[in-house]
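Next up, protein_26.txt (compact mmCIF, C-alpha atoms):
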# COMPACT_ATOMS: atom_id res chain seq x y z
CA MET A 1 101.52 126.04 107.60
CA ALA A 2 99.37 123.63 105.57
CA ILE A 3 100.64 120.11 105.05
CA THR A 4 102.11 119.14 101.68
CA PHE A 5 100.50 116.66 99.33
CA THR A 6 103.11 114.04 100.27
CA GLU A 7 102.21 114.46 103.96
CA PHE A 8 98.52 114.30 103.06
CA LYS A 9 99.03 111.09 101.06
CA ASP A 10 100.94 109.41 103.90
CA GLN A 11 98.20 110.24 106.40
CA ALA A 12 95.35 109.38 104.03
CA LYS A 13 96.65 105.91 103.20
CA LYS A 14 96.70 105.04 106.92
CA ILE A 15 93.16 106.30 107.50
CA LEU A 16 91.75 104.72 104.34
CA ASN A 17 93.85 101.55 104.65
CA ILE A 18 94.80 101.57 100.97
CA ASP A 19 98.29 101.75 99.54
CA LEU A 20 98.25 105.06 97.66
CA ASP A 21 101.96 104.62 96.90
CA GLY A 22 101.01 101.85 94.49
CA TYR A 23 99.20 104.32 92.24
CA LYS A 24 100.82 106.90 89.98
CA LEU A 25 101.40 109.91 92.20
CA ASP A 26 100.26 112.54 89.71
CA ARG A 27 96.92 110.74 89.31
CA VAL A 28 96.35 110.59 93.08
CA GLU A 29 97.13 114.28 93.42
CA ARG A 30 95.03 115.26 90.40
CA ARG A 31 91.94 113.38 91.60
CA THR A 32 92.38 114.61 95.18
CA LYS A 33 92.46 118.24 94.03
CA SER A 34 89.49 117.63 91.74
CA LEU A 35 87.41 116.41 94.69
CA MET A 36 88.62 119.30 96.85
CA ARG A 37 87.38 121.78 94.23
CA ARG A 38 84.02 120.03 94.07
CA TYR A 39 83.57 120.26 97.86
CA GLN A 40 85.25 123.70 98.13
CA VAL A 41 87.98 122.35 100.39
CA ASP A 42 90.75 124.93 100.78
CA ASP A 43 93.83 122.83 101.54
CA PHE A 44 95.15 119.36 102.36
CA ASP A 45 94.75 119.99 106.12
CA GLU A 46 91.02 120.45 105.71
CA CYS A 47 90.84 117.52 103.32
CA ILE A 48 92.54 115.11 105.73
CA ASP A 49 90.35 116.37 108.58
CA LEU A 50 87.22 115.60 106.51
CA ILE A 51 88.51 112.12 105.64
CA LYS A 52 89.07 111.50 109.36
CA HIS A 53 85.76 112.80 110.67
CA ASP A 54 83.20 112.99 107.85
CA THR A 55 82.02 109.55 106.71
CA GLU A 56 80.20 110.98 103.69
CA PHE A 57 83.33 112.80 102.49
CA LYS A 58 85.50 109.74 103.15
CA ASP A 59 83.20 107.63 100.98
CA ALA A 60 83.16 110.35 98.31
CA TYR A 61 86.97 110.39 98.28
CA LEU A 62 87.19 106.63 97.81
CA ASN A 63 84.49 106.73 95.15
CA HIS A 64 86.20 109.59 93.30
CA PHE A 65 89.60 107.96 93.55
CA THR A 66 88.67 104.54 92.22
CA ILE A 67 88.02 103.68 88.56
CA ASN A 68 84.30 103.40 87.86
CA THR A 69 83.89 103.46 84.09
CA SER A 70 82.79 100.31 82.35
CA GLU A 71 80.34 99.01 79.78
CA PHE A 72 78.96 95.69 78.57
CA PHE A 73 81.18 93.79 76.10
CA ARG A 74 83.83 96.50 76.11
CA ASN A 75 86.12 95.86 73.11
CA PRO A 76 83.72 93.29 71.59
CA GLU A 77 86.43 91.36 69.70
CA ASN A 78 87.85 90.27 73.06
CA PHE A 79 84.52 88.88 74.20
CA ASP A 80 84.18 87.13 70.86
CA PHE A 81 87.54 85.48 71.57
CA LEU A 82 86.34 84.44 75.01
CA GLU A 83 83.27 82.81 73.49
CA SER A 84 84.97 81.16 70.52
CA ASP A 85 88.30 80.09 72.03
CA VAL A 86 88.78 80.53 75.78
CA PHE A 87 85.49 79.24 77.18
CA PRO A 88 85.31 76.10 74.98
CA LYS A 89 88.79 75.12 76.20
CA LEU A 90 88.05 75.86 79.85
CA PHE A 91 84.85 73.84 79.82
CA GLN A 92 86.37 70.78 78.14
CA GLU A 93 87.10 69.28 81.53
CA ASN A 94 84.32 68.13 83.83
CA ARG A 95 84.99 70.54 86.69
CA LYS A 96 83.79 73.93 87.90
CA VAL A 97 85.46 76.83 86.09
CA LYS A 98 86.37 79.76 88.35
CA ILE A 99 86.39 83.32 86.96
CA TRP A 100 87.38 86.53 88.74
CA SER A 101 86.71 90.12 87.57
CA ALA A 102 89.03 92.49 89.48
CA PRO A 103 88.21 95.35 89.66
CA CYS A 104 84.65 94.90 88.44
CA SER A 105 83.39 98.52 88.57
CA ASN A 106 79.61 98.71 87.87
CA GLY A 107 79.27 94.98 87.16
CA SER A 108 78.91 95.21 83.40
CA GLU A 109 82.03 93.11 82.80
CA PRO A 110 81.16 90.07 84.97
CA TYR A 111 77.54 90.25 83.81
CA SER A 112 78.78 90.20 80.20
CA LEU A 113 80.57 86.94 81.01
CA ALA A 114 77.42 85.50 82.57
CA ILE A 115 75.36 86.41 79.49
CA ILE A 116 77.88 84.74 77.17
CA LEU A 117 77.89 81.55 79.25
CA LYS A 118 74.09 81.54 79.34
CA GLU A 119 73.98 81.97 75.55
CA MET A 120 76.46 79.08 75.21
CA GLY A 121 74.08 76.86 77.18
CA ILE A 122 76.52 76.27 80.05
CA SER A 123 74.86 75.51 83.39
CA PRO A 124 75.61 77.90 86.29
CA ARG A 125 76.55 74.80 88.29
CA LYS A 126 79.64 74.50 86.09
CA PHE A 127 81.15 77.92 86.85
CA GLU A 128 81.69 80.59 89.47
CA ILE A 129 81.94 84.29 88.62
CA TYR A 130 83.47 86.33 91.42
CA ALA A 131 83.63 90.14 91.10
CA THR A 132 85.46 92.53 93.41
CA ASP A 133 86.07 96.25 93.72
CA LEU A 134 87.50 98.60 96.33
CA ASP A 135 84.51 100.97 96.17
CA HIS A 136 81.49 99.70 98.11
CA THR A 137 79.27 102.33 96.45
CA ILE A 138 79.94 101.02 92.96
CA LEU A 139 79.37 97.47 94.25
CA ASP A 140 75.88 98.53 95.35
CA THR A 141 75.32 99.85 91.82
CA ALA A 142 76.56 96.56 90.38
CA ARG A 143 74.23 94.51 92.56
CA GLN A 144 71.29 96.73 91.57
CA ALA A 145 72.19 96.15 87.89
CA GLU A 146 70.28 99.01 86.26
CA TYR A 147 72.10 100.63 83.35
CA LYS A 148 71.80 103.62 81.06
CA GLU A 149 72.14 103.36 77.29
CA ASN A 150 75.80 104.42 77.26
CA SER A 151 76.70 101.20 79.13
CA LEU A 152 74.82 99.10 76.58
CA LYS A 153 76.14 100.44 73.26
CA ASN A 154 77.80 97.08 72.43
CA VAL A 155 74.74 95.02 73.39
CA SER A 156 72.82 93.55 70.45
CA ASP A 157 69.05 93.97 70.21
CA LYS A 158 68.67 90.23 70.76
CA ILE A 159 70.64 90.29 74.02
CA LEU A 160 68.96 93.52 75.13
CA ASN A 161 65.45 92.10 74.58
CA THR A 162 66.32 88.78 76.22
CA TYR A 163 68.12 89.87 79.36
CA PHE A 164 67.09 93.48 80.06
CA GLU A 165 63.84 95.23 80.87
CA GLU A 166 63.44 98.86 79.86
CA SER A 167 62.16 101.26 82.52
CA ALA A 168 58.84 103.05 82.01
CA ASP A 169 60.61 106.33 81.22
CA GLY A 170 63.08 104.62 78.87
CA LYS A 171 66.11 105.97 80.74
CA THR A 172 67.46 102.74 82.23
CA TYR A 173 67.51 99.00 81.60
CA ALA A 174 67.29 96.47 84.42
CA LEU A 175 69.23 93.22 84.07
CA SER A 176 67.33 89.98 84.58
CA SER A 177 67.47 88.30 87.99
CA GLU A 178 68.69 85.10 86.36
CA ILE A 179 71.91 86.77 85.17
CA LYS A 180 72.35 88.73 88.41
CA ARG A 181 72.32 85.50 90.42
CA MET A 182 75.31 84.20 88.43
CA VAL A 183 77.73 86.79 89.85
CA LYS A 184 78.98 87.11 93.44
CA PHE A 185 80.24 90.58 94.43
CA GLU A 186 82.65 91.43 97.25
CA GLN A 187 84.69 94.43 98.36
CA LYS A 188 88.45 93.89 98.02
CA ASP A 189 91.60 96.02 97.96
CA LEU A 190 93.69 94.36 95.26
CA ILE A 191 96.94 95.88 96.48
CA ASN A 192 96.73 94.84 100.13
CA ALA A 193 94.35 91.87 100.29
CA ARG A 194 95.30 88.22 100.08
CA PHE A 195 93.96 86.39 97.02
CA ARG A 196 92.13 83.10 96.86
CA ASN A 197 93.78 80.34 94.84
CA ASP A 198 92.49 78.21 91.97
CA TRP A 199 91.38 80.64 89.24
CA ASP A 200 90.93 79.65 85.59
CA LEU A 201 90.32 83.15 84.21
CA ILE A 202 91.21 86.49 85.80
CA LEU A 203 90.13 89.77 84.22
CA SER A 204 91.92 92.91 85.44
CA ARG A 205 91.16 95.38 82.70
CA ASN A 206 92.09 99.08 82.62
CA PHE A 207 93.47 99.00 86.17
CA PHE A 208 97.20 98.57 85.60
CA ILE A 209 97.41 101.85 83.64
CA TYR A 210 96.94 103.71 86.96
CA LEU A 211 99.69 101.84 88.83
CA THR A 212 103.38 102.47 89.24
CA LYS A 213 105.78 100.13 87.43
CA ASP A 214 106.77 98.42 90.70
CA MET A 215 103.16 97.92 91.81
CA LYS A 216 102.20 96.60 88.39
CA ASP A 217 105.03 94.06 88.66
CA GLN A 218 103.91 93.03 92.15
CA LEU A 219 100.31 92.59 91.08
CA ILE A 220 101.13 90.55 87.98
CA ASN A 221 103.08 88.18 90.22
CA LYS A 222 100.24 88.17 92.72
CA PHE A 223 97.60 87.36 90.10
CA THR A 224 99.64 84.68 88.34
CA SER A 225 100.42 83.00 91.66
CA VAL A 226 96.71 82.16 92.03
CA LEU A 227 96.06 81.16 88.39
CA ASN A 228 95.78 77.47 87.57
CA PRO A 229 98.26 76.17 84.96
CA GLY A 230 96.68 76.80 81.57
CA GLY A 231 94.54 79.60 83.05
CA TYR A 232 94.02 82.96 81.36
CA PHE A 233 94.87 86.54 82.36
CA PHE A 234 92.87 89.21 80.52
CA LEU A 235 93.93 92.89 80.54
CA GLY A 236 92.61 96.06 78.92
CA ASN A 237 93.38 96.85 75.28
CA THR A 238 95.90 99.58 76.16
CA GLU A 239 97.75 97.50 78.77
CA TYR A 240 100.79 95.41 77.98
CA ILE A 241 103.03 93.01 79.85
CA PHE A 242 106.60 93.32 78.66
CA SER A 243 108.57 90.06 78.79
CA PRO A 244 105.50 88.04 79.83
CA GLU A 245 107.62 84.89 79.95
CA LYS A 246 109.26 86.06 83.18
CA TYR A 247 105.84 85.72 84.83
CA GLY A 248 105.16 82.34 83.23
CA LEU A 249 102.76 83.97 80.75
CA ASP A 250 102.37 83.55 77.00
CA LYS A 251 100.53 86.22 74.98
CA ILE A 252 97.89 84.48 72.85
CA PHE A 253 95.59 87.25 71.58
CA GLN A 254 95.56 91.04 71.96
CA SER A 255 95.21 91.48 75.75
CA PHE A 256 95.01 87.77 76.60
CA TYR A 257 97.83 85.88 78.31
CA GLN A 258 97.89 82.21 79.21
CA TYR A 259 99.66 81.01 82.34
CA GLU A 260 102.01 78.12 81.64
CA GLY A 261 102.60 77.32 85.30
How would this structure read if it were set down as structure tokens?
Amino acid sequence: MAITFTEFKDQAKKILNIDLDGYKLDRVERRTKSLMRRYQVDDFDECIDLIKHDTEFKDAYLNHFTINTSEFFRNPENFDFLESDVFPKLFQENRKVKIWSAPCSNGSEPYSLAIILKEMGISPRKFEIYATDLDHTILDTARQAEYKENSLKNVSDKILNTYFEESADGKTYALSSEIKRMVKFEQKDLINARFRNDWDLILSRNFFIYLTKDMKDQLINKFTSVLNPGGYFFLGNTEYIFSPEKYGLDKIFQSFYQYEG
């Protein structure tokens, strides 16, 4: 008799070394079955066997399971707030400002930050942009930094002409090496990994909507524990922290929270 989805999930999380219990169960099952249909996998027994023994399928499962949709300056009013309010306050002091994009998907979010800081005339010596994601395939895409038009719909002509080079066939735009050098990418499992301390701004946008209530609570505590007092926590537009004060947070604008410490 074929194993159940619950049995599959318990085996898969050990093989993949990710905590699938932290994600909403219906989403895990839905995306697993979607991939099985794509690869014509008959049941969970065959699926777990492929994850165990087929590296290509294992990578495809991780890639399919993780969240890889992003665009430059997503929800532009939030990036306007970063430029007009958050960054001027963070750079008042004469010290390096540390920024973390987690998860970073295809790199468009951390690169958006780098472009803003470049436009503001702030030297790269004065900041660090760190970007992490669970999916090593999407990290390779981020490092390559070549984007189609749908990722650039919020990019002005001025920014596009300054920092991107259109391909000969007009299908993609390559980001300048100068901006690429401003972002450091690394693979990280946000649920299981330990976090570095001393962050001034953490962006974790459109990730919490996929988590269970308990895991969301754990991760908010985990993120705030590594934020500097006065630092900022930036979520997606559809994500909310109820009773932010219990985490030491104060909501200051749409999806922005400030850590009071």
Discussion item. Given the point (97.0, 80.0, 70.2) in the coordinates of this file, which residues lie within 12 Å, counting all atoms listed in the file, and how would they look as JSON, numbers by chain?
Written reply: {"A": [81, 85, 86, 89, 230, 232, 250, 251, 252, 253, 254, 256, 257, 258]}
Worksheet item: Expressed in Å to a single decimal, how great is the separation between CA of Leu235 (chain A) and CA of Lys184 (chain A)?
Response: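 Pair CA of Leu235 (chain A) / CA of Lys184 (chain A) returns 20.6 Å.
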Discussion item. I'd like to know which of A:Asn75, A:Ser123, A:Asn197, A:Ser34 is closest to Ala60 (chain A), using all atoms listed in the file.
Written reply: A:Ser34
Considering all atoms listed in the file, return as a PDB file with C-alpha atoms, in the coordinates of the input whatever protein or nucleic-acid residues lie within 12 Å of Asn150 (chain A), sequence-local ones (same chain, fewer than 4 positions apart) excluded.
ATOM      1  CA  THR A  69      83.890 103.460  84.090  1.00  0.00           C
ATOM      2  CA  SER A  70      82.790 100.310  82.350  1.00  0.00           C
ATOM      3  CA  GLU A  71      80.340  99.010  79.780  1.00  0.00           C
ATOM      4  CA  PHE A  72      78.960  95.690  78.570  1.00  0.00           C
ATOM      5  CA  PHE A  73      81.180  93.790  76.100  1.00  0.00           C
ATOM      6  CA  ARG A  74      83.830  96.500  76.110  1.00  0.00           C
ATOM      7  CA  SER A 108      78.910  95.210  83.400  1.00  0.00           C
ATOM      8  CA  GLU A 146      70.280  99.010  86.260  1.00  0.00           C
ATOM      9  CA  ASN A 154      77.800  97.080  72.430  1.00  0.00           C
ATOM     10  CA  VAL A 155      74.740  95.020  73.390  1.00  0.00           C
ATOM     11  CA  LYS A 171      66.110 105.970  80.740  1.00  0.00           C
ATOM     12  CA  THR A 172      67.460 102.740  82.230  1.00  0.00           C
ATOM     13  CA  TYR A 173      67.510  99.000  81.600  1.00  0.00           C
TER      14      TYR A 173
END
Worksheet item: Quick one, how far is CA of Asn237 (chain A) from CA of Pro124 (chain A)?
Response: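 About the pair CA of Asn237 (chain A) and CA of Pro124 (chain A): they are 28.2 Å apart.
Near Lys24 (chain A), within a cut-off of 8 Å and counting all atoms listed in the file, sit the residues Asp21, Gly22, Asp26, Arg27, Val28, Tyr210, Leu211 and Thr212 of chain A, with same-chain residues fewer than 2 positions away left out.
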Worksheet item: Between A:Ala193, A:Ala168, A:Ala145, A:Ile116, which has the minimum distance to Asn17 (chain A) (counting all atoms listed in the file)?
Response: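 Among A:Ala193, A:Ala168, A:Ala145, A:Ile116, it is A:Ala193 that comes nearest to Asn17 (chain A).
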Discussion item. Can you measure CA of Thr238 (chain A) to CA of Asn206 (chain A) for me? One decimal in Å is fine.
Written reply: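 Distance reported for this atom pair: 7.5 Å.
Nearest to Leu16 (chain A) of all the residues A:Tyr39, A:Trp199, A:Phe127, A:Phe57 is A:Phe57, based on all atoms listed in the file.
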Adding 3 Å on each side of the box along x, y and z that holds all listed atoms of region 54-62 of chain A, could you give its centre and edge lengths in Å to one decimal, as AutoDock Vina command-line options?
--center_x 83.7 --center_y 109.8 --center_z 102.8 --size_x 13.0 --size_y 12.4 --size_z 16.0
Fill in: Top pick for closest residue to Asp49 (chain A), considering A:Ile122, A:Ile15, A:Leu82, A:Leu25 and counting only C-alpha atoms
A:Ile15
Practice prompt. Pick out the closest residue to Glu109 (chain A) from this set: A:Lys222, A:His64, A:Arg95, A:Arg205. Count all atoms listed in the file.
Written response: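 Closest candidate: A:Arg205.
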Discussion item. Please list, as a PyMOL selection string, the residues that have an atom at most 10 Å away from (69.3, 91.5, 80.8) in the coordinates of this file, counting only C-alpha atoms.
Written reply: chain A and resi 111-112+115+145-147+155+159-166+173-180
Worksheet item: Between A:Leu35, A:Leu20, A:Leu139, A:Cys47, which one has atoms that come closest to Ile3 (chain A), using all atoms listed in the file?
Response: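 Of A:Leu35, A:Leu20, A:Leu139, A:Cys47, the one nearest Ile3 (chain A), counting all atoms listed in the file, is A:Cys47.
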Test item: residues at most 9 Å from Glu46 (chain A), all atoms listed in the file, excluding those fewer than 5 positions along its chain, as a PDB file with C-alpha atoms, in the frame of the given file:
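The resulting out33.pdb:
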ATOM      1  CA  ALA A   2      99.370 123.630 105.570  1.00  0.00           C
ATOM      2  CA  VAL A  41      87.980 122.350 100.390  1.00  0.00           C
ATOM      3  CA  ILE A  51      88.510 112.120 105.640  1.00  0.00           C
TER       4      ILE A  51
END
Produce a table with one row for each residue of region 150-222 of chain A that has an atom at most 12 Å from any atom of region 135-138 of chain A, each row naming the nearest atom pair and its distance in Å at one decimal; use all atoms listed in the file; arrange rows by chain and rising residue number; format as JSON lines.
{"residue": "A:Phe185", "atom": "CA", "partner": "A:His136", "partner_atom": "CA", "distance": 9.9}
{"residue": "A:Glu186", "atom": "CA", "partner": "A:His136", "partner_atom": "CA", "distance": 8.4}
{"residue": "A:Gln187", "atom": "CA", "partner": "A:His136", "partner_atom": "CA", "distance": 6.2}
{"residue": "A:Lys188", "atom": "CA", "partner": "A:Asp135", "partner_atom": "CA", "distance": 8.3}
{"residue": "A:Asp189", "atom": "CA", "partner": "A:Asp135", "partner_atom": "CA", "distance": 8.8}
{"residue": "A:Leu190", "atom": "CA", "partner": "A:Asp135", "partner_atom": "CA", "distance": 11.3}
Practice prompt. Please provide as number ranges by chain all residues within 9 Å of region 217-221 of chain A, with the sequence filter that same-chain residues fewer than 5 positions apart are discarded (counting all atoms listed in the file).
Written response: A: 190-191, 208, 212, 226, 241, 247
